[in-house]
file work_21.csv (CSV, C-alpha atoms)
chain,number,residue,atom,x,y,z
G,1,MET,CA,0.0,0.0,0.0
G,2,GLY,CA,1.0,3.6,-0.5
G,3,GLN,CA,1.9,6.4,2.0
G,4,LEU,CA,-0.2,9.5,2.5
G,5,ASP,CA,1.2,13.0,3.1
G,6,PHE,CA,-2.1,14.1,4.5
G,7,HIS,CA,-5.7,12.9,5.2
G,8,TYR,CA,-8.8,14.7,6.4
G,9,ASN,CA,-12.3,13.8,7.4
G,10,TYR,CA,-14.5,16.4,5.8
G,11,LEU,CA,-15.7,17.6,2.4
G,12,ALA,CA,-17.9,20.5,3.2
G,13,ASP,CA,-18.8,23.1,5.8
G,14,GLY,CA,-20.5,21.7,8.9
G,15,ASP,CA,-21.8,22.7,12.3
G,16,ALA,CA,-20.2,23.6,15.5
G,17,ALA,CA,-20.3,22.0,18.9
G,18,SER,CA,-19.3,23.5,22.3
G,19,HIS,CA,-16.6,22.0,24.4
G,20,THR,CA,-16.4,22.9,28.1
G,21,ASN,CA,-13.6,22.6,30.6
G,22,GLY,CA,-12.6,19.0,31.3
G,23,MET,CA,-14.9,17.6,28.6
G,24,MET,CA,-13.5,14.8,26.5
G,25,ARG,CA,-15.0,13.4,23.3
G,26,PHE,CA,-13.8,10.5,21.2
G,27,PHE,CA,-14.5,9.9,17.5
G,28,ALA,CA,-13.7,7.1,15.0
G,29,TYR,CA,-11.4,7.8,12.1
G,30,ASN,CA,-10.7,5.4,9.2
G,31,ILE,CA,-7.1,5.6,7.9
G,32,ILE,CA,-7.2,4.2,4.4
G,33,ASP,CA,-3.5,4.2,3.6
G,34,SER,CA,-0.5,4.5,5.8
G,35,ILE,CA,0.5,8.0,7.0
G,36,SER,CA,3.6,9.1,8.9
G,37,PHE,CA,1.7,11.1,11.5
G,38,LYS,CA,3.4,14.1,12.8
G,39,SER,CA,0.8,16.9,13.0
G,40,ALA,CA,-2.9,17.5,13.3
G,41,GLN,CA,-5.1,20.5,12.7
G,42,ILE,CA,-8.6,21.2,14.1
G,43,TRP,CA,-10.9,24.2,13.6
G,44,HIS,CA,-11.8,26.5,16.4
G,45,ARG,CA,-14.9,28.6,15.6
G,46,LYS,CA,-15.2,32.3,16.3
G,47,ALA,CA,-14.8,33.4,19.9
G,48,ALA,CA,-16.5,36.5,21.5
G,49,THR,CA,-13.9,36.8,24.3
G,50,ALA,CA,-10.2,36.6,24.7
G,51,MET,CA,-8.9,33.2,25.9
G,52,SER,CA,-6.0,31.0,27.0
G,53,ILE,CA,-6.8,27.3,26.6
G,54,THR,CA,-4.9,24.0,26.5
G,55,LEU,CA,-6.1,21.4,24.1
G,56,SER,CA,-5.0,17.8,24.2
G,57,LEU,CA,-5.4,15.3,21.3
G,58,GLY,CA,-5.0,11.6,21.8
G,59,LEU,CA,-4.7,8.9,19.1
G,60,TYR,CA,-6.3,5.7,20.4
G,61,SER,CA,-6.6,2.1,19.2
G,62,MET,CA,-9.4,-0.2,20.2
G,63,ASN,CA,-9.0,-3.6,21.9
G,64,GLY,CA,-12.4,-5.2,22.4
G,65,SER,CA,-14.4,-2.3,23.6
G,66,THR,CA,-11.6,-0.4,25.4
G,67,LEU,CA,-9.7,2.5,23.9
G,68,SER,CA,-6.0,2.6,24.5
G,69,ILE,CA,-3.8,5.6,23.8
G,70,ALA,CA,-1.2,5.2,21.1
G,71,ASN,CA,0.1,8.8,20.8
G,72,SER,CA,-0.8,12.3,22.2
G,73,GLY,CA,-0.1,15.9,21.7
G,74,SER,CA,-1.2,19.2,23.3
G,75,LEU,CA,-1.1,22.9,22.6
G,76,THR,CA,-1.7,26.0,24.5
G,77,TYR,CA,-3.5,28.7,22.6
G,78,THR,CA,-3.8,32.4,23.6
G,79,ASN,CA,-5.8,34.9,21.6
G,80,ALA,CA,-8.0,37.9,21.7
G,81,ALA,CA,-11.6,37.5,20.5
G,82,PHE,CA,-11.9,36.7,16.8
G,83,ALA,CA,-14.8,36.6,14.3
G,84,THR,CA,-13.7,33.8,11.9
G,85,SER,CA,-12.6,30.2,12.4
G,86,GLN,CA,-9.0,29.6,13.3
G,87,ILE,CA,-7.0,26.5,12.6
G,88,LEU,CA,-5.2,25.1,15.7
G,89,ALA,CA,-2.1,23.0,15.0
G,90,PHE,CA,-0.6,20.2,17.1
G,91,LYS,CA,2.9,20.3,15.6
G,92,ASN,CA,5.2,17.4,16.3
G,93,SER,CA,8.7,18.2,17.3
G,94,SER,CA,10.0,14.6,17.8
G,95,VAL,CA,9.4,11.3,16.2
G,96,ALA,CA,6.6,10.7,13.8
G,97,GLN,CA,4.4,7.7,14.2
G,98,ASN,CA,3.5,5.6,11.1
G,99,ILE,CA,-0.2,4.9,11.3
G,100,THR,CA,-1.2,1.8,9.4
G,101,PRO,CA,-4.6,1.5,7.6
G,102,GLY,CA,-7.5,0.7,9.9
G,103,THR,CA,-10.0,2.3,12.2
G,104,TRP,CA,-8.4,4.6,14.7
G,105,TYR,CA,-9.9,6.9,17.3
G,106,PHE,CA,-9.2,10.4,18.4
G,107,GLY,CA,-9.9,11.9,21.8
G,108,VAL,CA,-10.1,15.7,22.3
G,109,LEU,CA,-9.8,17.3,25.7
G,110,ALA,CA,-10.1,21.0,26.5
G,111,SER,CA,-8.7,22.7,29.6
G,112,LEU,CA,-10.2,26.1,29.9
G,113,SER,CA,-9.3,28.7,32.5
G,114,SER,CA,-10.4,32.1,31.1
G,115,ILE,CA,-13.6,31.1,29.3
G,116,THR,CA,-16.3,28.5,30.0
G,117,ARG,CA,-16.5,27.0,26.5
G,118,ILE,CA,-15.0,26.9,23.1
G,119,SER,CA,-16.5,25.7,19.8
G,120,PHE,CA,-15.0,23.3,17.3
G,121,GLU,CA,-16.1,23.1,13.7
G,122,GLY,CA,-17.3,19.7,12.7
G,123,PHE,CA,-20.5,17.7,12.0
G,124,SER,CA,-23.1,15.6,13.6
G,125,ILE,CA,-26.3,13.8,13.1
G,126,ASN,CA,-28.5,13.9,16.1
G,127,PRO,CA,-29.5,10.3,17.0
G,128,THR,CA,-31.9,9.5,19.8
G,129,ASN,CA,-30.4,6.1,20.3
G,130,ASP,CA,-26.9,4.5,20.5
G,131,PHE,CA,-25.3,3.5,17.3
G,132,PRO,CA,-26.1,-0.2,16.9
G,133,GLY,CA,-22.7,-1.3,15.8
G,134,PRO,CA,-19.0,-0.8,16.5
G,135,PHE,CA,-18.0,2.4,18.4
G,136,ILE,CA,-18.1,5.5,16.2
G,137,GLY,CA,-18.1,8.2,18.7
G,138,GLY,CA,-19.1,9.3,22.2
G,139,ILE,CA,-18.4,11.7,25.0
G,140,MET,CA,-17.3,11.2,28.6
G,141,THR,CA,-20.0,11.8,31.2
G,142,VAL,CA,-17.4,13.0,33.8
G,143,SER,CA,-14.8,15.7,33.6
G,144,THR,CA,-11.1,14.8,33.2
G,145,ALA,CA,-7.9,16.7,33.7
G,146,ALA,CA,-5.8,14.6,31.3
G,147,LEU,CA,-6.2,12.2,28.4
G,148,PRO,CA,-7.0,8.8,29.8
G,149,ALA,CA,-4.5,6.0,29.0
G,150,THR,CA,-7.5,3.7,28.5
G,151,TYR,CA,-11.2,4.1,28.5
G,152,ALA,CA,-14.1,1.7,28.2
G,153,THR,CA,-16.5,2.8,25.4
G,154,SER,CA,-19.4,1.3,27.5
G,155,ASP,CA,-18.8,4.3,29.9
G,156,LEU,CA,-19.4,6.9,27.2
G,157,ASP,CA,-22.6,8.7,26.2
G,158,LEU,CA,-23.3,7.5,22.7
G,159,ALA,CA,-26.6,9.2,21.7
G,160,GLY,CA,-27.4,12.8,20.9
G,161,ASN,CA,-25.8,15.6,18.9
G,162,GLU,CA,-23.0,16.2,21.4
G,163,ALA,CA,-22.0,12.5,21.7
G,164,VAL,CA,-21.5,11.9,18.0
G,165,PHE,CA,-20.2,15.3,17.0
G,166,THR,CA,-17.0,14.8,15.0
G,167,PRO,CA,-14.5,17.7,14.8
G,168,LYS,CA,-13.0,18.5,11.4
G,169,ILE,CA,-9.4,17.3,11.5
G,170,ILE,CA,-6.5,17.1,9.1
G,171,LEU,CA,-3.6,14.7,9.7
G,172,THR,CA,-0.3,15.5,8.1
G,173,ALA,CA,3.1,13.9,7.8
F,1,MET,CA,-2.5,35.1,18.4
F,2,MET,CA,0.0,32.7,20.0
F,3,ASN,CA,0.1,29.0,19.6
F,4,VAL,CA,2.6,27.6,22.0
F,5,GLY,CA,4.1,24.1,22.4
F,6,GLY,CA,2.0,21.3,21.0
F,7,GLY,CA,4.3,18.5,20.1
F,8,PHE,CA,3.3,14.9,20.0
F,9,SER,CA,5.1,12.7,22.5
F,10,SER,CA,6.9,9.5,21.5
F,11,PRO,CA,4.4,6.9,20.2
F,12,VAL,CA,3.3,4.4,22.7
F,13,GLY,CA,3.6,1.3,20.6
F,14,THR,CA,2.1,1.0,17.2
F,15,ASN,CA,-1.2,-0.6,18.1
F,16,SER,CA,-3.9,-0.5,15.6
F,17,SER,CA,-7.3,-1.9,15.1
F,18,SER,CA,-5.8,-3.4,12.0
F,19,SER,CA,-2.3,-4.2,10.9
F,20,GLY,CA,-0.3,-6.5,8.7
F,21,ALA,CA,-0.8,-7.5,5.1
F,22,ASN,CA,-4.7,-7.4,5.2
F,23,PRO,CA,-5.8,-4.3,7.1
F,24,GLN,CA,-9.4,-4.0,8.1
F,25,ILE,CA,-11.7,-1.1,9.0
F,26,MET,CA,-14.7,-1.3,11.3
F,27,PHE,CA,-17.2,0.7,9.3
F,28,VAL,CA,-17.8,2.2,5.9
F,29,GLU,CA,-20.2,5.1,5.1
F,30,ASN,CA,-21.6,5.1,1.6
F,31,PHE,CA,-20.9,8.8,1.7
F,32,PRO,CA,-19.6,11.1,4.5
F,33,GLY,CA,-22.4,11.6,7.0
F,34,HIS,CA,-22.0,15.3,7.0
F,35,LEU,CA,-23.1,15.4,3.4
F,36,VAL,CA,-26.5,14.2,4.3
F,37,ASN,CA,-28.6,17.2,3.1
F,38,ASN,CA,-32.0,16.1,4.2
F,39,THR,CA,-34.3,13.2,4.7
F,40,VAL,CA,-35.2,11.4,1.5
F,41,VAL,CA,-38.5,9.7,0.8
F,42,VAL,CA,-38.0,6.1,-0.1
F,43,SER,CA,-41.0,5.2,-2.2
F,44,ASP,CA,-42.8,2.0,-1.4
F,45,GLY,CA,-41.2,-0.9,-3.3
F,46,ILE,CA,-38.9,1.3,-5.5
F,47,LEU,CA,-35.3,0.1,-5.1
F,48,SER,CA,-32.5,2.6,-5.4
F,49,VAL,CA,-28.9,1.6,-6.0
F,50,HIS,CA,-25.6,3.5,-6.0
F,51,ALA,CA,-21.9,3.0,-6.3
F,52,VAL,CA,-19.7,3.0,-3.2
F,53,ASN,CA,-15.9,2.8,-3.0
F,54,ILE,CA,-14.8,0.5,-0.1
F,55,PRO,CA,-11.2,1.6,0.5
F,56,VAL,CA,-10.1,-1.1,2.9
F,57,SER,CA,-11.3,-4.6,3.7
F,58,ILE,CA,-14.2,-4.9,6.1
F,59,SER,CA,-15.7,-8.0,7.8
F,60,LEU,CA,-19.3,-7.3,6.9
F,61,SER,CA,-21.8,-7.9,9.7
F,62,ARG,CA,-24.6,-5.4,9.4
F,63,ALA,CA,-25.9,-2.3,7.6
F,64,VAL,CA,-27.2,0.7,9.6
F,65,PHE,CA,-29.4,3.5,8.4
F,66,MET,CA,-31.3,6.3,10.0
F,67,VAL,CA,-35.0,7.0,10.0
F,68,SER,CA,-36.3,10.5,10.8
F,69,TYR,CA,-39.8,11.1,12.1
F,70,ALA,CA,-41.6,14.1,13.7
F,71,ASN,CA,-44.3,13.5,16.2
F,72,THR,CA,-45.7,10.3,14.8
F,73,THR,CA,-49.4,9.9,15.7
F,74,THR,CA,-49.9,6.4,14.5
F,75,GLY,CA,-47.7,3.3,14.5
F,76,ARG,CA,-45.8,2.9,11.3
F,77,SER,CA,-44.3,-0.5,10.3
F,78,HIS,CA,-41.9,-0.9,7.4
F,79,THR,CA,-39.7,-3.7,6.1
F,80,PHE,CA,-36.4,-2.3,4.9
F,81,HIS,CA,-34.0,-4.2,2.6
F,82,TRP,CA,-30.4,-3.6,1.8
F,83,GLY,CA,-28.2,-5.3,-0.7
F,84,LEU,CA,-24.5,-5.4,-1.6
F,85,TYR,CA,-23.9,-5.9,-5.3
F,86,SER,CA,-20.9,-6.3,-7.6
F,87,MET,CA,-20.8,-5.2,-11.2
F,88,ASN,CA,-20.0,-7.1,-14.4
F,89,ALA,CA,-20.6,-5.7,-17.8
F,90,GLY,CA,-23.6,-3.6,-16.8
F,91,THR,CA,-25.2,-6.2,-14.6
F,92,LEU,CA,-25.3,-6.0,-10.9
F,93,SER,CA,-25.1,-9.3,-9.0
F,94,LEU,CA,-26.2,-9.7,-5.4
F,95,LYS,CA,-23.4,-10.6,-3.0
F,96,ASN,CA,-25.0,-10.1,0.4
F,97,SER,CA,-28.2,-8.7,1.8
F,98,ALA,CA,-30.0,-7.7,5.0
F,99,SER,CA,-33.5,-6.8,6.0
F,100,VAL,CA,-35.4,-5.7,9.1
F,101,GLN,CA,-39.1,-5.1,9.9
F,102,TYR,CA,-39.2,-1.9,11.9
F,103,THR,CA,-42.1,-0.4,13.7
F,104,LEU,CA,-42.1,3.2,14.9
F,105,ALA,CA,-44.2,3.7,18.0
F,106,ASN,CA,-46.6,6.5,18.5
F,107,GLY,CA,-45.2,9.8,19.6
F,108,VAL,CA,-41.6,9.2,18.3
F,109,ASN,CA,-39.9,12.4,17.4
F,110,GLY,CA,-36.3,12.4,16.1
F,111,ASN,CA,-33.6,10.5,14.3
F,112,VAL,CA,-33.2,6.8,15.0
F,113,TRP,CA,-30.5,4.4,14.0
F,114,VAL,CA,-31.9,1.1,12.6
F,115,SER,CA,-29.7,-1.9,12.2
F,116,MET,CA,-30.0,-4.9,9.8
F,117,SER,CA,-27.8,-8.0,10.2
F,118,VAL,CA,-26.6,-9.5,6.9
F,119,SER,CA,-27.7,-13.0,6.0
F,120,ALA,CA,-24.1,-14.3,6.4
F,121,GLY,CA,-21.1,-12.4,7.6
F,122,GLU,CA,-18.2,-12.2,5.1
F,123,ASN,CA,-15.1,-10.2,4.3
F,124,ILE,CA,-15.5,-7.6,1.7
F,125,ALA,CA,-12.4,-6.7,-0.3
F,126,PRO,CA,-11.6,-3.1,-1.3
F,127,GLY,CA,-13.0,-1.9,-4.5
F,128,ASP,CA,-16.1,-0.6,-6.3
F,129,TRP,CA,-19.3,-2.0,-4.8
F,130,TYR,CA,-23.0,-1.0,-5.1
F,131,PHE,CA,-25.5,-0.5,-2.2
F,132,ALA,CA,-29.1,-1.1,-2.9
F,133,PHE,CA,-31.9,0.0,-0.6
F,134,ASN,CA,-35.7,-0.7,-0.7
F,135,ARG,CA,-38.7,-0.3,1.6
F,136,ALA,CA,-42.1,-1.9,1.9
F,137,SER,CA,-44.8,-0.4,4.0
F,138,SER,CA,-46.9,-2.7,6.2
F,139,SER,CA,-49.0,-0.2,7.9
F,140,GLY,CA,-49.3,3.5,8.7
F,141,ASN,CA,-47.9,6.2,6.4
F,142,ALA,CA,-47.0,4.9,2.9
F,143,ASN,CA,-43.7,6.8,2.8
F,144,GLY,CA,-40.6,6.4,4.9
F,145,ALA,CA,-38.3,9.3,5.6
F,146,ILE,CA,-34.7,8.2,5.6
F,147,TYR,CA,-31.6,10.3,6.1
F,148,GLY,CA,-29.9,10.6,2.8
F,149,ASN,CA,-28.8,12.8,-0.1
F,150,SER,CA,-30.6,13.9,-3.2
F,151,SER,CA,-28.7,17.1,-3.8
F,152,ILE,CA,-28.2,16.8,-7.5
F,153,ASN,CA,-30.7,16.7,-10.3
F,154,PRO,CA,-29.1,15.1,-13.4
F,155,GLY,CA,-30.8,15.6,-16.7
F,156,GLY,CA,-28.7,13.0,-18.5
F,157,ALA,CA,-26.6,9.9,-17.9
F,158,ILE,CA,-23.3,10.1,-16.0
F,159,PRO,CA,-20.5,9.6,-18.5
F,160,GLY,CA,-18.4,6.6,-17.9
F,161,GLY,CA,-20.9,4.2,-16.7
F,162,PHE,CA,-23.5,3.5,-14.0
F,163,ILE,CA,-23.1,5.3,-10.7
F,164,MET,CA,-26.6,5.6,-9.2
F,165,GLY,CA,-30.2,5.1,-10.2
F,166,ARG,CA,-33.5,3.4,-9.3
F,167,MET,CA,-35.8,0.7,-10.6
F,168,THR,CA,-38.9,1.7,-12.4
F,169,VAL,CA,-41.0,-1.3,-11.2
F,170,SER,CA,-41.8,-2.3,-7.6
F,171,THR,CA,-39.9,-5.1,-5.9
F,172,GLY,CA,-39.6,-6.5,-2.4
F,173,ALA,CA,-36.5,-8.3,-1.4
F,174,MET,CA,-33.2,-7.7,-3.2
F,175,PRO,CA,-33.1,-9.2,-6.7
F,176,ALA,CA,-30.4,-11.6,-7.5
F,177,SER,CA,-29.3,-9.5,-10.5
F,178,ILE,CA,-30.2,-6.0,-11.8
F,179,ASN,CA,-29.6,-4.8,-15.4
F,180,THR,CA,-28.4,-1.2,-15.0
F,181,THR,CA,-29.6,-0.3,-18.5
F,182,ALA,CA,-33.2,-0.7,-17.2
F,183,LEU,CA,-32.7,1.8,-14.3
F,184,ASP,CA,-34.0,5.3,-14.2
F,185,ILE,CA,-30.8,7.5,-13.8
F,186,THR,CA,-32.0,11.0,-14.3
F,187,GLY,CA,-33.8,13.4,-11.9
F,188,SER,CA,-33.2,14.0,-8.2
F,189,ASP,CA,-35.7,11.2,-7.3
F,190,ALA,CA,-33.7,8.6,-9.2
F,191,ILE,CA,-30.4,9.4,-7.6
F,192,ARG,CA,-31.6,9.6,-4.0
F,193,GLN,CA,-29.0,7.8,-1.7
F,194,PRO,CA,-30.1,6.7,1.7
F,195,TYR,CA,-27.2,7.2,4.2
F,196,VAL,CA,-26.0,3.7,5.0
F,197,ILE,CA,-23.1,2.6,7.2
F,198,ILE,CA,-21.9,-1.0,6.9
F,199,THR,CA,-20.0,-2.3,9.9
F,200,ALA,CA,-18.0,-5.2,11.2

call {"tool": "encode", "arguments": {"input": "work_21.csv", "output": "structure tokens"}}
result
Amino acid sequence: MGQLDFHYNYLADGDAASHTNGMMRFFAYNIIDSISFKSAQIWHRKAATAMSITLSLGLYSMNGSTLSIANSGSLTYTNAAFATSQILAFKNSSVAQNITPGTWYFGVLASLSSITRISFEGFSINPTNDFPGPFIGGIMTVSTAALPATYATSDLDLAGNEAVFTPKIILTA
Amino acid sequence: MMNVGGGFSSPVGTNSSSSGANPQIMFVENFPGHLVNNTVVVSDGILSVHAVNIPVSISLSRAVFMVSYANTTTGRSHTFHWGLYSMNAGTLSLKNSASVQYTLANGVNGNVWVSMSVSAGENIAPGDWYFAFNRASSSGNANGAIYGNSSINPGGAIPGGFIMGRMTVSTGAMPASINTTALDITGSDAIRQPYVIITA
């Protein structure tokens, strides 16, 4: 199989979802060809107030129904209020990880101190029931201060707009 | 604006849900879910079929779609059918199928995932495949609202071969074969694609 330089999970504009302090959401991501993963970018929608936030992004694999962390990154972002979406980049400064084709999972955690919520751009369908198949996305029901090393998907909220919201993300080599 | 720090730590192993010579993925959408532009009406007994690129092998177990209803006042029962087809010289041949009889209770309001288990699980290799979808109403409203896409309205055939269309005669379960030259392939009604996710 080939090697990708980049891969992303969206083709059009979408919606936005709020993310509060200590909230952690997971979403599934199909990697269709290998990628030497060094960086990731997500979209932060407009903000009405100045902020200083720390975002953590975890790459997870699945064993049975338990997510296990395979890599992680974080960034601290400080900015005045802004009216248009901003791209936030987790830039690698060490060794890249080659991700092989398959279904992977990302976890996004926000630590907020100067504001109560931020908004990510992404997309969602608003299901009233849990997805009747393998895990595709969910949100923790308790706050956390750090990316968990492992997490049981059975402990996640799997229904509703918030639970299955998927942030736009670009992966790059 | 200041974006400080943000490196990735050293990888913790190279675990994956799939590795080795035959990678697998856990789910495949017929099109990205965020391109669902509306609910589409699946006319009673009229089968629609469309091309889907499956990029990596998947151990097929079920097909999932989403019904959307607003404040139902009467129970509605439908039988939904899904089929996986391969193409050879303009003829689609059935490879696998699934169906479910689904009843929506009174007062339901919202979007509901519905699951259909395939007749026999099997590994599906990467390549061009075709999803077919059909519905038969047993009671209640004659039309079923399914999340899907009908955002284009083609006035002519798609150059290069069959991509999407629908039958012009009613059918129930998935036919063993479908002649694509007999399908209606123009108009937004012909190219409606219900949103389907197949899973391991």

call {"tool": "closest_atom_pairs", "arguments": {"input": "work_21.csv", "of": "chain G", "to": "chain F", "cutoff": "6 Å", "atoms": "only C-alpha atoms", "output": "JSON lines"}}
result
{"residue": "G:Ser61", "atom": "CA", "partner": "F:Ser16", "partner_atom": "CA", "distance": 5.2}
{"residue": "G:Met62", "atom": "CA", "partner": "F:Ser17", "partner_atom": "CA", "distance": 5.8}
{"residue": "G:Ala70", "atom": "CA", "partner": "F:Val12", "partner_atom": "CA", "distance": 4.8}
{"residue": "G:Asn71", "atom": "CA", "partner": "F:Pro11", "partner_atom": "CA", "distance": 4.7}
{"residue": "G:Ser72", "atom": "CA", "partner": "F:Phe8", "partner_atom": "CA", "distance": 5.3}
{"residue": "G:Gly73", "atom": "CA", "partner": "F:Phe8", "partner_atom": "CA", "distance": 3.9}
{"residue": "G:Ser74", "atom": "CA", "partner": "F:Gly6", "partner_atom": "CA", "distance": 4.5}
{"residue": "G:Leu75", "atom": "CA", "partner": "F:Gly6", "partner_atom": "CA", "distance": 3.8}
{"residue": "G:Thr76", "atom": "CA", "partner": "F:Val4", "partner_atom": "CA", "distance": 5.2}
{"residue": "G:Tyr77", "atom": "CA", "partner": "F:Asn3", "partner_atom": "CA", "distance": 4.7}
{"residue": "G:Thr78", "atom": "CA", "partner": "F:Met2", "partner_atom": "CA", "distance": 5.2}
{"residue": "G:Asn79", "atom": "CA", "partner": "F:Met1", "partner_atom": "CA", "distance": 4.6}
{"residue": "G:Phe90", "atom": "CA", "partner": "F:Gly6", "partner_atom": "CA", "distance": 4.8}
{"residue": "G:Lys91", "atom": "CA", "partner": "F:Gly7", "partner_atom": "CA", "distance": 5.0}
{"residue": "G:Asn92", "atom": "CA", "partner": "F:Gly7", "partner_atom": "CA", "distance": 4.1}
{"residue": "G:Ser93", "atom": "CA", "partner": "F:Gly7", "partner_atom": "CA", "distance": 5.2}
{"residue": "G:Pro101", "atom": "CA", "partner": "F:Pro23", "partner_atom": "CA", "distance": 5.9}
{"residue": "G:Gly102", "atom": "CA", "partner": "F:Ile25", "partner_atom": "CA", "distance": 4.7}
{"residue": "G:Thr103", "atom": "CA", "partner": "F:Ile25", "partner_atom": "CA", "distance": 5.0}
{"residue": "G:Phe123", "atom": "CA", "partner": "F:His34", "partner_atom": "CA", "distance": 5.7}
{"residue": "G:Pro127", "atom": "CA", "partner": "F:Asn111", "partner_atom": "CA", "distance": 4.9}
{"residue": "G:Thr128", "atom": "CA", "partner": "F:Val112", "partner_atom": "CA", "distance": 5.7}

call {"tool": "write_last_selection", "arguments": {"input": "work_21.csv", "atoms": "C-alpha atoms", "output": "PDB file, in the coordinates of the input"}}
result
ATOM      1  CA  SER G  61      -6.600   2.100  19.200  1.00  0.00           C
ATOM      2  CA  MET G  62      -9.400  -0.200  20.200  1.00  0.00           C
ATOM      3  CA  ALA G  70      -1.200   5.200  21.100  1.00  0.00           C
ATOM      4  CA  ASN G  71       0.100   8.800  20.800  1.00  0.00           C
ATOM      5  CA  SER G  72      -0.800  12.300  22.200  1.00  0.00           C
ATOM      6  CA  GLY G  73      -0.100  15.900  21.700  1.00  0.00           C
ATOM      7  CA  SER G  74      -1.200  19.200  23.300  1.00  0.00           C
ATOM      8  CA  LEU G  75      -1.100  22.900  22.600  1.00  0.00           C
ATOM      9  CA  THR G  76      -1.700  26.000  24.500  1.00  0.00           C
ATOM     10  CA  TYR G  77      -3.500  28.700  22.600  1.00  0.00           C
ATOM     11  CA  THR G  78      -3.800  32.400  23.600  1.00  0.00           C
ATOM     12  CA  ASN G  79      -5.800  34.900  21.600  1.00  0.00           C
ATOM     13  CA  PHE G  90      -0.600  20.200  17.100  1.00  0.00           C
ATOM     14  CA  LYS G  91       2.900  20.300  15.600  1.00  0.00           C
ATOM     15  CA  ASN G  92       5.200  17.400  16.300  1.00  0.00           C
ATOM     16  CA  SER G  93       8.700  18.200  17.300  1.00  0.00           C
ATOM     17  CA  PRO G 101      -4.600   1.500   7.600  1.00  0.00           C
ATOM     18  CA  GLY G 102      -7.500   0.700   9.900  1.00  0.00           C
ATOM     19  CA  THR G 103     -10.000   2.300  12.200  1.00  0.00           C
ATOM     20  CA  PHE G 123     -20.500  17.700  12.000  1.00  0.00           C
ATOM     21  CA  PRO G 127     -29.500  10.300  17.000  1.00  0.00           C
ATOM     22  CA  THR G 128     -31.900   9.500  19.800  1.00  0.00           C
TER      23      THR G 128
END

call {"tool": "residues_around", "arguments": {"input": "work_21.csv", "residues": "F:Ser170", "least_positions_apart": "5", "cutoff": "12 Å", "atoms": "all atoms listed in the file", "output": "number ranges by chain"}}
result
F: 42-48, 134-136, 175

call {"tool": "residues_around", "arguments": {"input": "work_21.csv", "residues": "G:Phe26", "least_positions_apart": "2", "cutoff": "6 Å", "atoms": "only C-alpha atoms", "output": "list of chain:residue names"}}
result
G:Phe106, G:Gly107, G:Gly137, G:Gly138

call {"tool": "write_last_selection", "arguments": {"input": "work_21.csv", "atoms": "C-alpha atoms", "output": "PDB file, in the frame of the given file"}}
result
ATOM      1  CA  PHE G 106      -9.200  10.400  18.400  1.00  0.00           C
ATOM      2  CA  GLY G 107      -9.900  11.900  21.800  1.00  0.00           C
ATOM      3  CA  GLY G 137     -18.100   8.200  18.700  1.00  0.00           C
ATOM      4  CA  GLY G 138     -19.100   9.300  22.200  1.00  0.00           C
TER       5      GLY G 138
END

call {"tool": "atom_distance", "arguments": {"input": "work_21.csv", "atom1": "atom CA of F:Ala132", "atom2": "atom CA of F:Val41"}}
result
14.8 Å

call {"tool": "residues_near_point", "arguments": {"input": "work_21.csv", "point": "(-9.2, 17.9, 24.0)", "cutoff": "12 Å", "atoms": "only C-alpha atoms", "output": "MDAnalysis selection string"}}
result
chainID G and resid 18:27 42 44 53:59 72:76 88 90 106:112 117:120 139:140 143:148 167

call {"tool": "write_last_selection", "arguments": {"input": "work_21.csv", "atoms": "C-alpha atoms", "output": "compact mmCIF listing (two decimals), in the frame of the given file"}}
result
# COMPACT_ATOMS: atom_id res chain seq x y z
CA SER G 18 -19.30 23.50 22.30
CA HIS G 19 -16.60 22.00 24.40
CA THR G 20 -16.40 22.90 28.10
CA ASN G 21 -13.60 22.60 30.60
CA GLY G 22 -12.60 19.00 31.30
CA MET G 23 -14.90 17.60 28.60
CA MET G 24 -13.50 14.80 26.50
CA ARG G 25 -15.00 13.40 23.30
CA PHE G 26 -13.80 10.50 21.20
CA PHE G 27 -14.50 9.90 17.50
CA ILE G 42 -8.60 21.20 14.10
CA HIS G 44 -11.80 26.50 16.40
CA ILE G 53 -6.80 27.30 26.60
CA THR G 54 -4.90 24.00 26.50
CA LEU G 55 -6.10 21.40 24.10
CA SER G 56 -5.00 17.80 24.20
CA LEU G 57 -5.40 15.30 21.30
CA GLY G 58 -5.00 11.60 21.80
CA LEU G 59 -4.70 8.90 19.10
CA SER G 72 -0.80 12.30 22.20
CA GLY G 73 -0.10 15.90 21.70
CA SER G 74 -1.20 19.20 23.30
CA LEU G 75 -1.10 22.90 22.60
CA THR G 76 -1.70 26.00 24.50
CA LEU G 88 -5.20 25.10 15.70
CA PHE G 90 -0.60 20.20 17.10
CA PHE G 106 -9.20 10.40 18.40
CA GLY G 107 -9.90 11.90 21.80
CA VAL G 108 -10.10 15.70 22.30
CA LEU G 109 -9.80 17.30 25.70
CA ALA G 110 -10.10 21.00 26.50
CA SER G 111 -8.70 22.70 29.60
CA LEU G 112 -10.20 26.10 29.90
CA ARG G 117 -16.50 27.00 26.50
CA ILE G 118 -15.00 26.90 23.10
CA SER G 119 -16.50 25.70 19.80
CA PHE G 120 -15.00 23.30 17.30
CA ILE G 139 -18.40 11.70 25.00
CA MET G 140 -17.30 11.20 28.60
CA SER G 143 -14.80 15.70 33.60
CA THR G 144 -11.10 14.80 33.20
CA ALA G 145 -7.90 16.70 33.70
CA ALA G 146 -5.80 14.60 31.30
CA LEU G 147 -6.20 12.20 28.40
CA PRO G 148 -7.00 8.80 29.80
CA PRO G 167 -14.50 17.70 14.80

call {"tool": "axis_aligned_box", "arguments": {"input": "work_21.csv", "around": "stretch 108-120 of chain G", "padding_each_side": "6 Å", "output": "AutoDock Vina command-line options"}}
result
--center_x -12.6 --center_y 23.9 --center_z 24.9 --size_x 19.8 --size_y 28.4 --size_z 27.2
